[in-house]
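Next up, run25.txt (compact mmCIF, C-alpha atoms and all ligand atoms):
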```txt
# COMPACT_ATOMS: atom_id res chain seq x y z
CA MET A 1 85.07 227.60 -49.86
CA LYS A 2 82.87 228.26 -52.87
CA GLN A 3 80.38 229.99 -50.61
CA ILE A 4 83.07 232.32 -49.24
CA LEU A 5 84.35 233.14 -52.69
CA SER A 6 80.92 233.78 -54.15
CA LYS A 7 80.16 236.25 -51.36
CA ILE A 8 83.37 238.22 -51.20
CA LYS A 9 84.08 238.45 -54.92
CA LEU A 10 81.13 240.80 -55.27
CA LEU A 11 82.34 243.21 -52.61
CA LYS A 12 83.05 246.64 -54.01
CA VAL A 13 86.26 248.56 -53.59
CA ASN A 14 84.56 251.86 -52.92
CA GLU A 15 87.48 254.05 -53.85
CA ILE A 16 87.29 252.91 -57.45
CA ASN A 17 83.77 251.47 -57.61
CA LYS A 18 84.87 248.03 -58.80
CA THR A 19 84.29 244.58 -57.37
CA LEU A 20 87.08 242.33 -56.12
CA GLN A 21 86.24 240.03 -59.00
CA GLU A 22 86.60 242.79 -61.59
CA LEU A 23 89.97 243.69 -60.08
CA HIS A 24 91.14 240.05 -59.97
CA ALA A 25 92.05 240.84 -56.40
CA ILE A 26 91.45 237.49 -54.70
CA SER A 27 94.50 235.32 -55.19
CA ASN A 28 93.82 232.39 -52.85
CA VAL A 29 91.24 231.02 -50.39
CA SER A 30 91.86 228.07 -48.09
CA ILE A 31 90.40 226.65 -44.88
CA SER A 32 92.60 224.93 -42.30
CA ASP A 33 91.62 221.81 -40.34
CA ASP A 34 90.69 223.93 -37.35
CA ASP A 35 88.34 226.07 -39.47
CA ILE A 36 90.54 229.14 -39.95
CA VAL A 37 89.82 230.79 -43.29
CA ASP A 38 92.91 232.14 -45.00
CA ILE A 39 92.39 234.59 -47.87
CA SER A 40 95.14 236.36 -49.75
CA PHE A 41 94.69 239.35 -51.98
CA THR A 42 96.62 241.05 -54.69
CA ASN A 43 96.13 244.09 -56.92
CA LEU A 44 94.85 246.29 -54.11
CA THR A 45 96.40 249.29 -52.43
CA LYS A 46 96.98 249.09 -48.69
CA THR A 47 94.12 251.50 -47.96
CA GLN A 48 91.69 249.59 -50.18
CA PHE A 49 92.69 246.34 -48.45
CA ASN A 50 92.36 247.82 -44.95
CA ASN A 51 88.97 249.29 -45.76
CA LEU A 52 87.65 245.87 -46.79
CA LYS A 53 88.94 243.86 -43.85
CA ARG A 54 86.01 244.46 -41.54
CA GLU A 55 83.36 243.53 -44.03
CA ILE A 56 85.15 240.35 -45.11
CA THR A 57 85.63 239.32 -41.48
CA LYS A 58 81.93 239.88 -40.86
CA ILE A 59 80.94 237.71 -43.84
CA VAL A 60 83.31 234.88 -42.96
CA LYS A 61 82.81 234.79 -39.21
CA LEU A 62 79.31 236.10 -38.57
CA ASP A 63 77.41 235.26 -41.76
CA LEU A 64 79.12 231.98 -42.61
CA GLY A 65 80.06 230.94 -39.08
CA HIS A 66 83.75 230.06 -39.53
CA LYS A 67 85.92 230.01 -36.45
CA GLY A 68 88.72 232.33 -37.47
CA ILE A 69 90.10 234.39 -40.34
CA LYS A 70 93.46 235.46 -41.67
CA LEU A 71 93.69 238.12 -44.37
CA THR A 72 96.88 238.90 -46.23
CA LEU A 73 97.73 241.44 -48.90
CA LYS A 74 100.34 239.62 -50.93
CA GLU A 75 101.16 242.12 -53.58
CA GLU A 76 100.45 245.71 -52.79
CA LYS A 77 99.39 247.76 -55.77
CA GLU A 78 101.45 250.81 -56.38
CA THR A 79 99.31 253.38 -58.06
CA VAL A 80 98.75 257.07 -57.95
CA GLU A 81 95.09 256.45 -57.48
CA GLU A 82 95.20 257.17 -53.79
CA GLU A 83 97.03 260.44 -54.27
CA ASN A 84 94.76 261.45 -57.09
CA PRO A 85 91.39 262.47 -55.71
CA LEU A 86 89.86 262.40 -59.19
CA ASN A 87 90.17 258.62 -59.35
CA SER A 88 88.11 258.12 -56.23
CA ARG A 89 85.23 260.24 -57.48
CA LYS A 90 82.36 259.47 -59.75
CA THR A 91 83.96 261.55 -62.53
CA LYS A 92 84.38 259.67 -65.80
CA PHE A 93 87.17 260.52 -68.21
CA ILE A 94 86.83 260.67 -71.96
CA ALA A 95 90.08 261.14 -73.88
CA ILE A 96 89.88 262.42 -77.45
CA GLU A 97 92.79 261.05 -79.45
CA SER A 98 93.98 260.81 -83.04
CA GLY A 99 96.96 259.64 -85.03
CA LYS A 100 97.43 262.84 -86.95
CA GLY A 101 97.11 266.50 -85.98
CA GLY A 102 94.50 268.77 -87.50
CA VAL A 103 91.72 266.21 -87.73
CA GLY A 104 89.47 268.06 -85.28
CA LYS A 105 90.19 266.68 -81.79
CA SER A 106 90.04 270.04 -80.04
CA THR A 107 86.95 271.20 -81.94
CA ILE A 108 85.21 267.95 -81.06
CA THR A 109 86.35 268.04 -77.42
CA ALA A 110 84.96 271.55 -76.99
CA ASN A 111 81.67 270.77 -78.70
CA LEU A 112 81.14 267.48 -76.90
CA ALA A 113 81.79 269.18 -73.57
CA LEU A 114 79.14 271.78 -74.45
CA SER A 115 76.75 269.09 -75.61
CA PHE A 116 77.15 267.10 -72.37
CA LYS A 117 76.56 270.33 -70.44
CA ARG A 118 73.32 270.89 -72.39
CA LYS A 119 72.29 267.37 -71.40
CA GLY A 120 72.59 268.44 -67.76
CA PHE A 121 75.99 267.00 -66.84
CA LYS A 122 78.72 268.83 -64.97
CA VAL A 123 81.73 268.93 -67.23
CA GLY A 124 85.43 269.77 -67.20
CA ILE A 125 88.13 269.85 -69.89
CA ILE A 126 91.84 269.12 -69.52
CA ASP A 127 93.74 270.43 -72.51
CA CYS A 128 96.60 267.93 -72.63
CA ASP A 129 97.96 269.27 -75.89
CA ILE A 130 100.69 271.09 -74.01
CA TYR A 131 102.66 272.11 -77.12
CA GLY A 132 99.65 273.19 -79.14
CA PRO A 133 96.87 274.10 -76.72
CA THR A 134 93.76 275.42 -78.49
CA ILE A 135 90.88 274.85 -76.08
CA PRO A 136 91.02 278.42 -74.67
CA LEU A 137 90.97 279.78 -78.21
CA LEU A 138 87.86 277.78 -79.03
CA PHE A 139 86.12 279.07 -75.91
CA ASP A 140 87.20 282.59 -76.69
CA ILE A 141 89.24 282.94 -73.52
CA ASN A 142 91.82 285.58 -74.28
CA ASP A 143 93.43 286.29 -70.99
CA CYS A 144 95.92 283.88 -69.53
CA GLU A 145 94.85 283.56 -65.99
CA LEU A 146 94.72 280.36 -64.07
CA LEU A 147 94.72 281.37 -60.44
CA MET A 148 96.20 279.37 -57.60
CA LYS A 149 94.88 278.60 -54.15
CA GLU A 150 97.01 276.80 -51.59
CA GLU A 151 99.37 275.61 -54.33
CA LYS A 152 96.53 274.20 -56.39
CA ILE A 153 95.23 275.44 -59.72
CA ILE A 154 91.76 276.90 -59.84
CA PRO A 155 90.26 275.89 -63.21
CA TYR A 156 88.99 278.66 -65.48
CA VAL A 157 85.22 278.49 -65.81
CA LYS A 158 83.63 279.29 -69.16
CA ASP A 159 80.05 278.39 -70.08
CA SER A 160 79.88 276.52 -66.74
CA ILE A 161 82.71 274.25 -67.91
CA GLN A 162 85.87 273.98 -65.82
CA ILE A 163 88.94 274.27 -68.06
CA VAL A 164 92.69 273.90 -67.60
CA SER A 165 95.19 274.43 -70.39
CA ALA A 166 98.85 275.32 -70.80
CA ALA A 167 97.60 278.26 -72.86
CA LEU A 168 96.14 279.69 -69.65
CA LEU A 169 99.55 279.66 -67.99
CA ILE A 170 101.87 280.82 -70.73
CA PRO A 171 101.51 284.35 -72.11
CA ASP A 172 100.03 284.46 -75.58
CA ASN A 173 102.14 283.62 -78.61
CA ARG A 174 105.08 282.32 -76.60
CA PRO A 175 106.08 278.90 -77.84
CA ILE A 176 106.19 276.10 -75.32
CA MET A 177 109.44 274.17 -75.46
CA TRP A 178 109.46 271.86 -72.53
CA ARG A 179 111.20 268.59 -72.10
CA ALA A 180 109.39 265.43 -70.99
CA PRO A 181 109.91 265.78 -67.20
CA MET A 182 108.39 269.29 -67.21
CA LEU A 183 105.58 268.15 -69.43
CA ASN A 184 104.85 265.34 -67.00
CA LYS A 185 104.91 267.76 -64.08
CA LEU A 186 102.38 270.04 -65.72
CA LEU A 187 100.07 267.16 -66.60
CA SER A 188 100.37 265.85 -63.08
CA THR A 189 99.36 269.30 -61.80
CA PHE A 190 96.31 269.34 -64.09
CA PHE A 191 95.16 265.96 -62.83
CA ASN A 192 96.29 265.90 -59.21
CA ASP A 193 96.72 269.45 -58.03
CA THR A 194 93.73 271.20 -59.52
CA LEU A 195 90.62 272.16 -57.62
CA TRP A 196 88.13 270.25 -59.74
CA ASN A 197 84.52 270.41 -58.63
CA GLU A 198 83.75 267.45 -56.42
CA ASP A 199 80.70 266.52 -58.45
CA LEU A 200 81.95 266.66 -62.04
CA ASP A 201 80.30 263.94 -64.14
CA TYR A 202 82.72 264.01 -67.05
CA ILE A 203 86.17 265.35 -67.80
CA PHE A 204 87.05 265.51 -71.48
CA ILE A 205 90.74 265.22 -72.23
CA ASP A 206 91.97 266.90 -75.40
CA MET A 207 95.04 264.87 -76.31
CA PRO A 208 97.97 265.81 -78.53
CA PRO A 209 98.17 263.74 -81.73
CA GLY A 210 99.88 260.37 -81.82
CA THR A 211 101.20 258.04 -79.19
CA GLY A 212 103.81 260.16 -77.45
CA ASP A 213 104.66 260.81 -73.82
CA VAL A 214 101.26 262.24 -72.95
CA SER A 215 99.42 259.09 -74.01
CA ILE A 216 101.77 256.97 -71.94
CA ASP A 217 101.47 259.29 -68.94
CA LEU A 218 97.69 259.36 -69.13
CA LYS A 219 97.51 255.87 -67.66
CA ASN A 220 99.33 257.10 -64.57
CA PHE A 221 96.88 259.89 -64.00
CA VAL A 222 93.59 258.21 -64.74
CA LYS A 223 93.08 254.53 -64.34
CA ASP A 224 90.38 254.00 -66.87
CA ALA A 225 89.88 256.77 -69.34
CA LYS A 226 87.61 255.85 -72.23
CA VAL A 227 89.13 256.77 -75.54
CA ILE A 228 87.47 258.25 -78.61
CA ILE A 229 89.53 258.21 -81.79
CA VAL A 230 89.02 261.08 -84.21
CA THR A 231 89.95 260.80 -87.86
CA THR A 232 89.06 262.20 -91.21
CA ASN A 233 88.11 259.43 -93.59
CA ASP A 234 91.15 259.63 -95.77
CA ILE A 235 93.51 256.72 -95.87
CA VAL A 236 96.52 258.45 -94.27
CA ALA A 237 94.68 259.82 -91.23
CA SER A 238 92.76 256.56 -90.78
CA LYS A 239 95.80 254.31 -90.92
CA ILE A 240 97.68 256.45 -88.40
CA ALA A 241 94.55 256.62 -86.25
CA VAL A 242 94.57 252.81 -86.08
CA LYS A 243 98.08 253.00 -84.67
CA ALA A 244 96.96 255.49 -82.02
CA GLY A 245 94.00 253.26 -81.17
CA LEU A 246 96.16 250.16 -80.84
CA GLY A 247 98.52 252.16 -78.63
CA ALA A 248 95.62 253.16 -76.37
CA ILE A 249 94.47 249.54 -76.14
CA GLU A 250 97.99 248.43 -75.29
CA LEU A 251 98.06 250.96 -72.48
CA GLY A 252 94.86 249.45 -71.14
CA HIS A 253 92.31 252.07 -72.15
CA GLU A 254 88.96 251.10 -73.55
CA ILE A 255 88.06 252.49 -76.96
CA LEU A 256 84.52 253.84 -77.04
CA GLY A 257 84.51 254.32 -80.79
CA VAL A 258 85.60 256.43 -83.72
CA ILE A 259 84.37 259.84 -84.85
CA GLU A 260 84.79 260.64 -88.52
CA ASN A 261 85.27 264.37 -88.78
CA MET A 262 84.97 266.54 -91.88
CA SER A 263 83.57 263.38 -93.41
CA TYR A 264 81.41 265.03 -96.05
CA ILE A 265 80.38 268.40 -97.48
CA TYR A 266 76.69 268.88 -97.94
CA ASN A 267 75.73 270.60 -101.16
CA ASN A 268 72.33 269.15 -102.09
CA GLU A 269 74.08 265.81 -101.78
CA LYS A 270 76.83 264.41 -99.60
CA ILE A 271 80.25 264.88 -101.15
CA ASN A 272 83.26 263.14 -99.67
CA PRO A 273 86.05 265.74 -99.68
CA PHE A 274 88.70 263.05 -99.63
CA ASN A 275 87.09 260.83 -102.18
CA LEU A 276 89.17 257.85 -101.18
CA LYS A 277 88.06 254.29 -100.91
CA LYS A 278 86.86 253.80 -97.38
CA PHE A 279 89.18 252.12 -94.97
CA SER A 280 87.33 250.40 -92.12
CA ILE A 281 89.07 251.81 -89.08
CA GLU A 282 86.28 250.48 -86.85
CA LYS A 283 87.00 246.94 -88.01
CA GLU A 284 90.73 247.34 -87.49
CA LEU A 285 90.11 248.50 -83.92
CA ASN A 286 87.17 246.20 -83.33
CA THR A 287 84.97 249.10 -82.35
CA VAL A 288 82.15 251.25 -83.76
CA ILE A 289 81.76 254.54 -85.61
CA LEU A 290 80.11 256.83 -83.07
CA GLY A 291 79.15 259.30 -85.75
CA SER A 292 80.24 261.46 -88.65
CA ILE A 293 80.58 265.24 -88.53
CA PRO A 294 80.32 267.09 -91.84
CA PHE A 295 82.76 269.69 -93.06
CA PHE A 296 81.28 272.99 -91.88
CA ILE A 297 81.97 275.89 -94.15
CA GLY A 298 82.31 279.30 -92.57
CA SER A 299 83.11 280.52 -89.10
CA GLY A 300 81.69 279.48 -85.76
CA LEU A 301 82.98 276.01 -85.08
CA ILE A 302 81.40 276.05 -81.66
CA GLU A 303 77.69 275.56 -81.04
CA ASP A 304 75.17 277.38 -83.31
CA LYS A 305 73.23 275.13 -85.71
CA ARG A 306 75.99 272.56 -85.54
CA LYS A 307 75.12 271.62 -82.01
CA VAL A 308 72.49 269.20 -83.27
CA PHE A 309 75.27 267.00 -84.69
CA TYR A 310 77.14 266.98 -81.40
CA ASP A 311 73.99 266.31 -79.38
CA ILE A 312 73.32 263.17 -81.44
CA LEU A 313 76.98 262.19 -81.13
CA GLY A 314 76.74 262.77 -77.37
CA ASP A 315 73.75 260.40 -77.19
CA HIS A 316 75.70 257.69 -78.99
CA ILE A 317 78.63 258.16 -76.63
CA LEU A 318 76.36 257.95 -73.58
CA GLU A 319 74.82 254.75 -74.92
CA ARG A 320 78.29 253.22 -75.22
CA LEU A 321 79.21 254.40 -71.73
CA ASN A 322 76.21 252.72 -70.12
N1 LIG A 401 83.86 269.67 -88.96
C1 LIG A 401 84.68 270.65 -89.32
N2 LIG A 401 84.40 271.43 -90.37
C2 LIG A 401 85.26 272.42 -90.77
N3 LIG A 401 86.42 272.66 -90.17
C3 LIG A 401 86.76 271.92 -89.09
C4 LIG A 401 85.91 270.89 -88.62
N4 LIG A 401 86.52 270.31 -87.53
C5 LIG A 401 87.66 270.97 -87.34
N5 LIG A 401 87.83 271.94 -88.27
C6 LIG A 401 88.98 272.85 -88.43
O1 LIG A 401 90.12 272.04 -88.67
C7 LIG A 401 91.26 272.59 -88.02
C8 LIG A 401 91.85 271.56 -87.07
O2 LIG A 401 90.92 271.31 -86.02
P1 LIG A 401 91.39 271.05 -84.54
O3 LIG A 401 90.18 270.80 -83.74
O4 LIG A 401 92.31 272.12 -84.07
O5 LIG A 401 92.21 269.69 -84.76
P2 LIG A 401 93.23 268.92 -83.79
O6 LIG A 401 92.90 269.31 -82.40
O7 LIG A 401 92.99 267.49 -84.09
O8 LIG A 401 94.59 269.34 -84.21
C9 LIG A 401 90.79 273.84 -87.31
O9 LIG A 401 91.05 274.93 -88.12
C10 LIG A 401 89.31 273.63 -87.17
O10 LIG A 401 88.59 274.83 -87.13
MG MG A 402 94.12 270.21 -80.94
```

Go ahead and render the structure in this file as structure tokens.
Amino acid sequence: MKQILSKIKLLKVNEINKTLQELHAISNVSISDDDIVDISFTNLTKTQFNNLKREITKIVKLDLGHKGIKLTLKEEKETVEEENPLNSRKTKFIAIESGKGGVGKSTITANLALSFKRKGFKVGIIDCDIYGPTIPLLFDINDCELLMKEEKIIPYVKDSIQIVSAALLIPDNRPIMWRAPMLNKLLSTFFNDTLWNEDLDYIFIDMPPGTGDVSIDLKNFVKDAKVIIVTTNDIVASKIAVKAGLGAIELGHEILGVIENMSYIYNNEKINPFNLKKFSIEKELNTVILGSIPFFIGSGLIEDKRKVFYDILGDHILERLN
């Protein structure tokens, strides 16, 4: 029995690139008196289960020489993963979250996407801040024009980065006042009905502040987004950021770390603009500080000399991802 378990637990569910062990998918193994191996599974979708049957049968009957096999899927997993092609690809998702608005999520999302592109990755951005979308503004996209093909959205491409945003659907300066079901529909379209490049390495998700509907919905669209929490290092933003982080953990997302934005002004020496006693957000969330971005004075929040900061930050993020 041990032999069977040790072999099949390492089998990979190709659709999501995880082993049966990682998914806690094997619920019971038994062998009857007449050498029939009975294995039951849980936590798998029907397709995932069906795709594994042949290989498991081969291991049990051919490799290990048992007489017969019976495979059962006890509890079928109901997820959107099968409908959502993004989940079955190699694409990794990085969600940029915060407790409070205005701490720099969108600026950081845009710059990290550009930094990852410079490192040679293929990158996309989903602007999930439906009520306050700013990604197109940061990329200097002025026309609202997401085109459709066969009822799917074609992402806007700027600087080789695929981008979707509510700001590219709604004419400029018109406020967006949608209720939750419509918001959910739009997010679902961004994740499920958008023609993302097959070979994207990373999709950065610019989240709205706090732990509202979008954060809850995110889990339905992507199974394992890694979360980066952005905060300024003042006590109010940090304490609310802890709440957002705990919310993300509760929803089952892994926190990659914290970025402290506008953390100092450089004028011959580092000056903390908030000048408050430091609150250890990383300790509260049991994570690390991925890096600190200074307060940049003047225009041009994208690229220029500042890219060196984001390239270093990008390296730290990649280290944590591997
Ligand atoms: N490191 C920085 N230095 C100076 N200004 C910044 C910095 N990061 C962000 N900002 C500015 O702060 C404001 C809020 O940033 P934004 O990225 O829109 O935050 P959020 O998406 O969290 O609401 C913007 O005006 C932005 O230009
Ligand atoms: Mg924003």

- List all protein, DNA and RNA residues that have any atom at most 9 Å from ligand MG 402 (chain A), counting only C-alpha atoms and all ligand atoms, and write the list as a ChimeraX atom specification. /A:101-107,109,127-129,132-135,206-209

Selected residues written out with C-alpha atoms, as a tab-separated table (two decimals), in the frame of the given file:
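Result written to selection-v6.tsv:
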```
chain	number	residue	atom	x	y	z
A	101	GLY	CA	97.11	266.50	-85.98
A	102	GLY	CA	94.50	268.77	-87.50
A	103	VAL	CA	91.72	266.21	-87.73
A	104	GLY	CA	89.47	268.06	-85.28
A	105	LYS	CA	90.19	266.68	-81.79
A	106	SER	CA	90.04	270.04	-80.04
A	107	THR	CA	86.95	271.20	-81.94
A	109	THR	CA	86.35	268.04	-77.42
A	127	ASP	CA	93.74	270.43	-72.51
A	128	CYS	CA	96.60	267.93	-72.63
A	129	ASP	CA	97.96	269.27	-75.89
A	132	GLY	CA	99.65	273.19	-79.14
A	133	PRO	CA	96.87	274.10	-76.72
A	134	THR	CA	93.76	275.42	-78.49
A	135	ILE	CA	90.88	274.85	-76.08
A	206	ASP	CA	91.97	266.90	-75.40
A	207	MET	CA	95.04	264.87	-76.31
A	208	PRO	CA	97.97	265.81	-78.53
A	209	PRO	CA	98.17	263.74	-81.73
```

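Taking atom O9 of ligand LIG 401 (chain A) as the reference point, CA of Ile163 in chain A is found at 20.2 Å.
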
As JSON: centre and edge lengths in Å, one decimal, of the axis-aligned box holding range 124-133 of chain A with 6 Å per side:
```
{"center_x": 94.0, "center_y": 271.0, "center_z": -73.2, "size_x": 29.2, "size_y": 18.2, "size_z": 23.9}
```

- Query: Restricting the calculation to all atoms listed in the file, which member of A:Val222, A:Val214, A:Leu195, A:Leu200 is positioned closest to Glu150 in chain A?
  - Reply: A:Leu195

- Restricting to only C-alpha atoms and all ligand atoms, whichever of A:Ile281, A:Ile255, A:Ile265, A:Leu290 is closest to ligand LIG 401 (chain A) is A:Ile265

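Take CA of Asp213 in chain A and CA of Gln162 in chain A: the distance between them is 24.3 Å.
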
- Do you know which residues are at most 10 Å from Lys67 in chain A counting all atoms listed in the file, after dropping those on the same chain fewer than 2 positions away, and could you put them as a list in words? Asp34, Asp35, Ile36, Val37, Val60, Lys61, Leu62, Leu64, Gly65 and Ile69 of chain A

- Considering all atoms listed in the file, state which residue in the set A:Thr232, A:Ser115, A:Thr42, A:Thr57 is at the smallest distance from ligand LIG 401 (chain A). A:Thr232

- Closest of A:Ile297, A:Ile259, A:Ile302, A:Leu169 to ligand LIG 401 (chain A), counting only C-alpha atoms and all ligand atoms, is A:Ile297

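One distance worth recording is that between atom O4 of ligand LIG 401 (chain A) and CA of Asn322 in chain A, which is 28.8 Å.
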
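Each of A:Asn111, A:Thr211, A:Thr189, A:Thr91 was checked against ligand LIG 401 (chain A) using only C-alpha atoms and all ligand atoms; the smallest atom-to-atom distance is that of A:Asn111.
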
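When only C-alpha atoms are used to compute distances to Gly212 in chain A, the closest of the residues A:Leu186, A:Lys243, A:Asn43, A:Gln21 turns out to be A:Lys243.
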
- If we count only C-alpha atoms, what is near Ile154 in chain A at a cut-off of 7 Å, once residues fewer than 6 positions away on the same chain are taken out, given as an MDAnalysis selection string? chainID A and resid 146:148 194:195

- Nearby residues (all atoms listed in the file) at most 7 Å from Cys144 in chain A, same-chain spacing under 6 positions excluded, as a PyMOL selection string: chain A and resi 167-171

Can you pull out every residue within 8 Å of range 27-33 of chain A, counting only C-alpha atoms, but drop anything in the same chain fewer than 6 positions away, and send it as a PDB file with C-alpha atoms, keeping the file's coordinate frame?
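Result written to result_11.pdb:
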```
ATOM      1  CA  MET A   1      85.070 227.600 -49.860  1.00  0.00           C
ATOM      2  CA  LEU A   5      84.350 233.140 -52.690  1.00  0.00           C
ATOM      3  CA  ILE A  39      92.390 234.590 -47.870  1.00  0.00           C
ATOM      4  CA  SER A  40      95.140 236.360 -49.750  1.00  0.00           C
ATOM      5  CA  PHE A  41      94.690 239.350 -51.980  1.00  0.00           C
ATOM      6  CA  THR A  42      96.620 241.050 -54.690  1.00  0.00           C
TER       7      THR A  42
END
```

- Skip Asp315 in chain A itself and residues of its chain fewer than 5 positions away, then list as a ChimeraX atom specification all residues within 9 Å of it, counting only C-alpha atoms. /A:116,310,320
